[in-house]
Structure formats: structure tokens, C-alpha cells
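Asks: First the structure, which I've put down as C-alpha cells, then a few questions once you've had a look.
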Amino acid sequence: MDHLQSDLPAVSHRSELIRLTLGFILLLLIGWGLGELAVSVTQASDLDAVRDVAAERTAALTVIAWILTTIGSGYVMFPLTIVVAVVLYATRRPAAAAVVVLSMAGAVVIANVDKRLVGRSRPPVHHLEAVSSASFPSGHTSQATAFFVSLLVVFLVARRGQRGPAAAAAVAAGLLIVGVAWSRVYLAVHYPSDVAGGFLLAGAWSLILVTLLLRGRRRAGSRTEVDP
């Protein structure tokens, strides 16, 4: 049955589930605090930054921004998450599939709950996209971060020791996350602190998941195999 072991062990112990829950709640509270801080401290500089970016708009940059923001949207991120999870599960990596799904689901919940708690208005600059929800944190950036960070971890575990592919994957994931974040500011639907908050909260949530799973893997020891 060793060949059925996943590349990332499942969180199976009650203490780990408790830590996961506490970490989730803590991130919700941290996000709330960061949002309130952004509204009260960085509002003026945030708005100046959005106006500066909007002043540099060009037709070509607008097309690029639309492509990048579409990549970070739920219309793309959610189906991709499902497809990746199904592929991982079908290739006998159920725990890796769980990492990707839980990373995305947690990031979406954190972003939407903190949006309601903070209630920040969108930048008063001409929007290039219709929006209706609150501004902090950026949902697109949260989704992109959760997806690409979790996918990167799965890839690194499967290709550990292969520095070239690992470095290329890390750079690609970083560029896509930064690109989505930039597009949200360019379209004037988010402040820089909104996208920074989305990145930090979703990234932290993904790392909490990975940390717990790796801790379980160390306990599993030689019983856990890494599938290529």
C-alpha cells in the first residue's frame, strides 16, 4: 500500500485541526486590523498611488491589465482549482489536492469576511471594471496567491532536488501574483494596500496549511513517499 501514499500527508490529528482553525481565525482578525490600519493611516498615500498609476494608462497596458485580472478572477481560479485537485487526486495525491482546495477556499472566505468587517470604499478614481463589494483586501490577489502558492508547493515537493525547474516555477508563480495585483491597482478598483493585504493573508494561510502538513509528514517518516 506504500504506493498509495500521497506526496503530502493529510492533516489527521485533532491538535493539527485545532491549530488550523486557530490560525484561520487569527488571520481573519489580522486582516481586519490591517484593513482598519490601511483606512486610517495609508489612505492618502494609497490614493496618490492609484492616481499615479491611472495617469500612465495606455491602450496596450489596459489590455495586459484585463488579461491579468481575468486570470485572477473566480471565473478562472475556481475551475483551475477544481481541475488541479481532480488531477492530483487521480494521480494518487489526495493530500496535495486538499492543500490546493483548502488554500483557495480559506483565502476566499478570509477575503470576503474581512471585506465586510473593514468596509473600505473603492478608490475614487475612474474604474476600468465594474465593482460593487468593499475594497480591502483584494479578492483577485487573494485567489491568485492562494492558487499559485499552493500549486508551487505541490510542484516543489514533487520535484525536490531539481533546482532549475523549482526556480523557474517560483519565478513564474511570483510574476503571475504580482501581475494580478498590479492589474487591480491599474484598473483603479483597489488601493496598493488592498492587494498587499490580499497577498499577505492568502500567502500566510497557504503557508499555515503547508506547515501543518509537513509536520505530519515528519511524523510519518519513512512511511510517506513523494510521487514524481
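Letters A, B, ... mark the chains of the C-alpha cells in the order given; residue numbers begin at 1 per chain; ligand numbers begin at 1, in order shown.
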With only C-alpha atoms as the counted atoms, please give the residues lying no more than 12 Å from Val118 (chain A), apart from itself and same-chain residues fewer than 2 positions off, as a ChimeraX atom specification.
Replies: /A:28-40,110-116,120-122,133-137,194,197
Asks: Keeping C-alpha atoms for every residue in the selection just given, could you write it to a file as a PDB file, in the first residue's frame?
Replies:
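Final output, saved to again_15.pdb:
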ATOM      1  CA  LEU A  28      -9.328  36.918   9.977  1.00  0.00           C
ATOM      2  CA  LEU A  29      -8.559  39.176  12.921  1.00  0.00           C
ATOM      3  CA  ILE A  30      -5.195  40.234  11.494  1.00  0.00           C
ATOM      4  CA  GLY A  31      -6.864  41.064   8.188  1.00  0.00           C
ATOM      5  CA  TRP A  32      -9.453  43.160   9.991  1.00  0.00           C
ATOM      6  CA  GLY A  33      -6.723  45.030  11.834  1.00  0.00           C
ATOM      7  CA  LEU A  34      -4.667  45.568   8.687  1.00  0.00           C
ATOM      8  CA  GLY A  35      -7.718  46.895   6.883  1.00  0.00           C
ATOM      9  CA  GLU A  36      -8.543  49.373   9.614  1.00  0.00           C
ATOM     10  CA  LEU A  37      -4.901  50.451   9.651  1.00  0.00           C
ATOM     11  CA  ALA A  38      -4.914  50.976   5.892  1.00  0.00           C
ATOM     12  CA  VAL A  39      -8.049  53.105   6.073  1.00  0.00           C
ATOM     13  CA  SER A  40      -6.789  55.302   8.900  1.00  0.00           C
ATOM     14  CA  ILE A 110     -10.874  35.344   4.682  1.00  0.00           C
ATOM     15  CA  ALA A 111     -11.030  37.955   1.921  1.00  0.00           C
ATOM     16  CA  ASN A 112     -14.831  38.161   1.888  1.00  0.00           C
ATOM     17  CA  VAL A 113     -15.253  38.234   5.658  1.00  0.00           C
ATOM     18  CA  ASP A 114     -12.604  40.947   6.033  1.00  0.00           C
ATOM     19  CA  LYS A 115     -14.218  42.953   3.241  1.00  0.00           C
ATOM     20  CA  ARG A 116     -17.396  43.084   5.305  1.00  0.00           C
ATOM     21  CA  ARG A 120     -13.429  50.156   2.783  1.00  0.00           C
ATOM     22  CA  SER A 121     -14.740  52.108  -0.204  1.00  0.00           C
ATOM     23  CA  ARG A 122     -13.146  51.662  -3.610  1.00  0.00           C
ATOM     24  CA  SER A 133     -18.039  44.934  -2.987  1.00  0.00           C
ATOM     25  CA  ALA A 134     -15.713  46.572  -0.457  1.00  0.00           C
ATOM     26  CA  SER A 135     -12.104  47.263  -1.328  1.00  0.00           C
ATOM     27  CA  PHE A 136      -9.941  45.627   1.367  1.00  0.00           C
ATOM     28  CA  PRO A 137      -8.491  43.074   0.795  1.00  0.00           C
ATOM     29  CA  ASP A 194      -5.632  46.181  -0.658  1.00  0.00           C
ATOM     30  CA  GLY A 197      -3.284  42.670   2.276  1.00  0.00           C
TER      31      GLY A 197
END
Asks: Kindly indicate which residue among A:Leu68, A:Val76, A:Ala188, A:Leu20 lies nearest to Glu56 (chain A), using only C-alpha atoms for the distances.
Replies: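 Smallest distance to Glu56 (chain A) is found for A:Ala188.
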Asks: If we count only C-alpha atoms and set the cut-off at 7 Å, which residues sit around Val100 (chain A), ignoring sequence neighbours fewer than 5 positions away in its own chain? Please answer as a VMD selection string.
Replies: chain A and resid 81 85 147 150 to 151
Asks: Write out as an mmCIF file with C-alpha atoms, in the first residue's frame each polymer residue whose atoms come within 12 Å of Ser142 (chain A), counting only C-alpha atoms; drop sequence neighbours fewer than 3 positions from it.
Replies:
data_model
loop_
_atom_site.group_PDB
_atom_site.id
_atom_site.type_symbol
_atom_site.label_atom_id
_atom_site.label_comp_id
_atom_site.auth_asym_id
_atom_site.auth_seq_id
_atom_site.Cartn_x
_atom_site.Cartn_y
_atom_site.Cartn_z
ATOM 1 C CA GLY A 31 -6.864 41.064 8.188
ATOM 2 C CA THR A 69 -7.136 40.498 -13.850
ATOM 3 C CA GLY A 72 -7.054 36.209 -11.037
ATOM 4 C CA SER A 73 -10.836 36.172 -11.251
ATOM 5 C CA GLY A 74 -13.054 33.473 -9.808
ATOM 6 C CA MET A 77 -9.228 30.478 -10.461
ATOM 7 C CA SER A 103 -5.844 27.063 0.274
ATOM 8 C CA MET A 104 -8.271 28.578 -2.213
ATOM 9 C CA ALA A 105 -11.369 28.092 -0.063
ATOM 10 C CA GLY A 106 -9.746 29.598 3.021
ATOM 11 C CA ALA A 107 -8.367 32.573 1.127
ATOM 12 C CA VAL A 108 -11.776 33.339 -0.392
ATOM 13 C CA VAL A 109 -13.516 33.178 2.989
ATOM 14 C CA ILE A 110 -10.874 35.344 4.682
ATOM 15 C CA ALA A 111 -11.030 37.955 1.921
ATOM 16 C CA ASN A 112 -14.831 38.161 1.888
ATOM 17 C CA ASP A 114 -12.604 40.947 6.033
ATOM 18 C CA LYS A 115 -14.218 42.953 3.241
ATOM 19 C CA PHE A 136 -9.941 45.627 1.367
ATOM 20 C CA PRO A 137 -8.491 43.074 0.795
ATOM 21 C CA SER A 138 -8.229 42.334 -2.917
ATOM 22 C CA GLY A 139 -10.127 39.151 -3.714
ATOM 23 C CA THR A 145 -1.838 33.977 -4.263
ATOM 24 C CA ALA A 146 -3.647 31.003 -2.743
ATOM 25 C CA PHE A 147 -3.712 29.098 -6.026
ATOM 26 C CA PHE A 148 -0.190 29.733 -7.249
ATOM 27 C CA VAL A 149 1.478 29.378 -3.836
ATOM 28 C CA ILE A 177 0.729 37.002 -8.492
ATOM 29 C CA VAL A 178 2.424 40.380 -8.920
ATOM 30 C CA VAL A 180 -2.697 40.180 -10.948
ATOM 31 C CA ALA A 181 -2.039 42.565 -8.036
ATOM 32 C CA ARG A 184 -6.185 45.598 -9.768
ATOM 33 C CA ASP A 194 -5.632 46.181 -0.658
ATOM 34 C CA VAL A 195 -3.527 43.964 -2.899
ATOM 35 C CA ALA A 196 -0.737 43.807 -0.306
ATOM 36 C CA GLY A 197 -3.284 42.670 2.276
ATOM 37 C CA GLY A 198 -4.687 40.035 -0.058
ATOM 38 C CA PHE A 199 -1.212 38.706 -0.770
ATOM 39 C CA LEU A 200 -0.165 38.577 2.884
ATOM 40 C CA LEU A 201 -3.373 36.979 4.173
ATOM 41 C CA ALA A 202 -3.689 34.349 1.439
ATOM 42 C CA GLY A 203 0.029 33.616 1.470
ATOM 43 C CA ALA A 204 0.025 33.186 5.240
ATOM 44 C CA TRP A 205 -2.990 30.874 5.072
ATOM 45 C CA SER A 206 -1.319 28.689 2.435
#
Asks: Given the choices A:Gly174, A:Tyr191, A:Thr62, A:Tyr186, which gets closest to Ala44 (chain A) if the distance is worked out from only C-alpha atoms?
Replies: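 Under the stated criterion, the closest residue is A:Tyr191.
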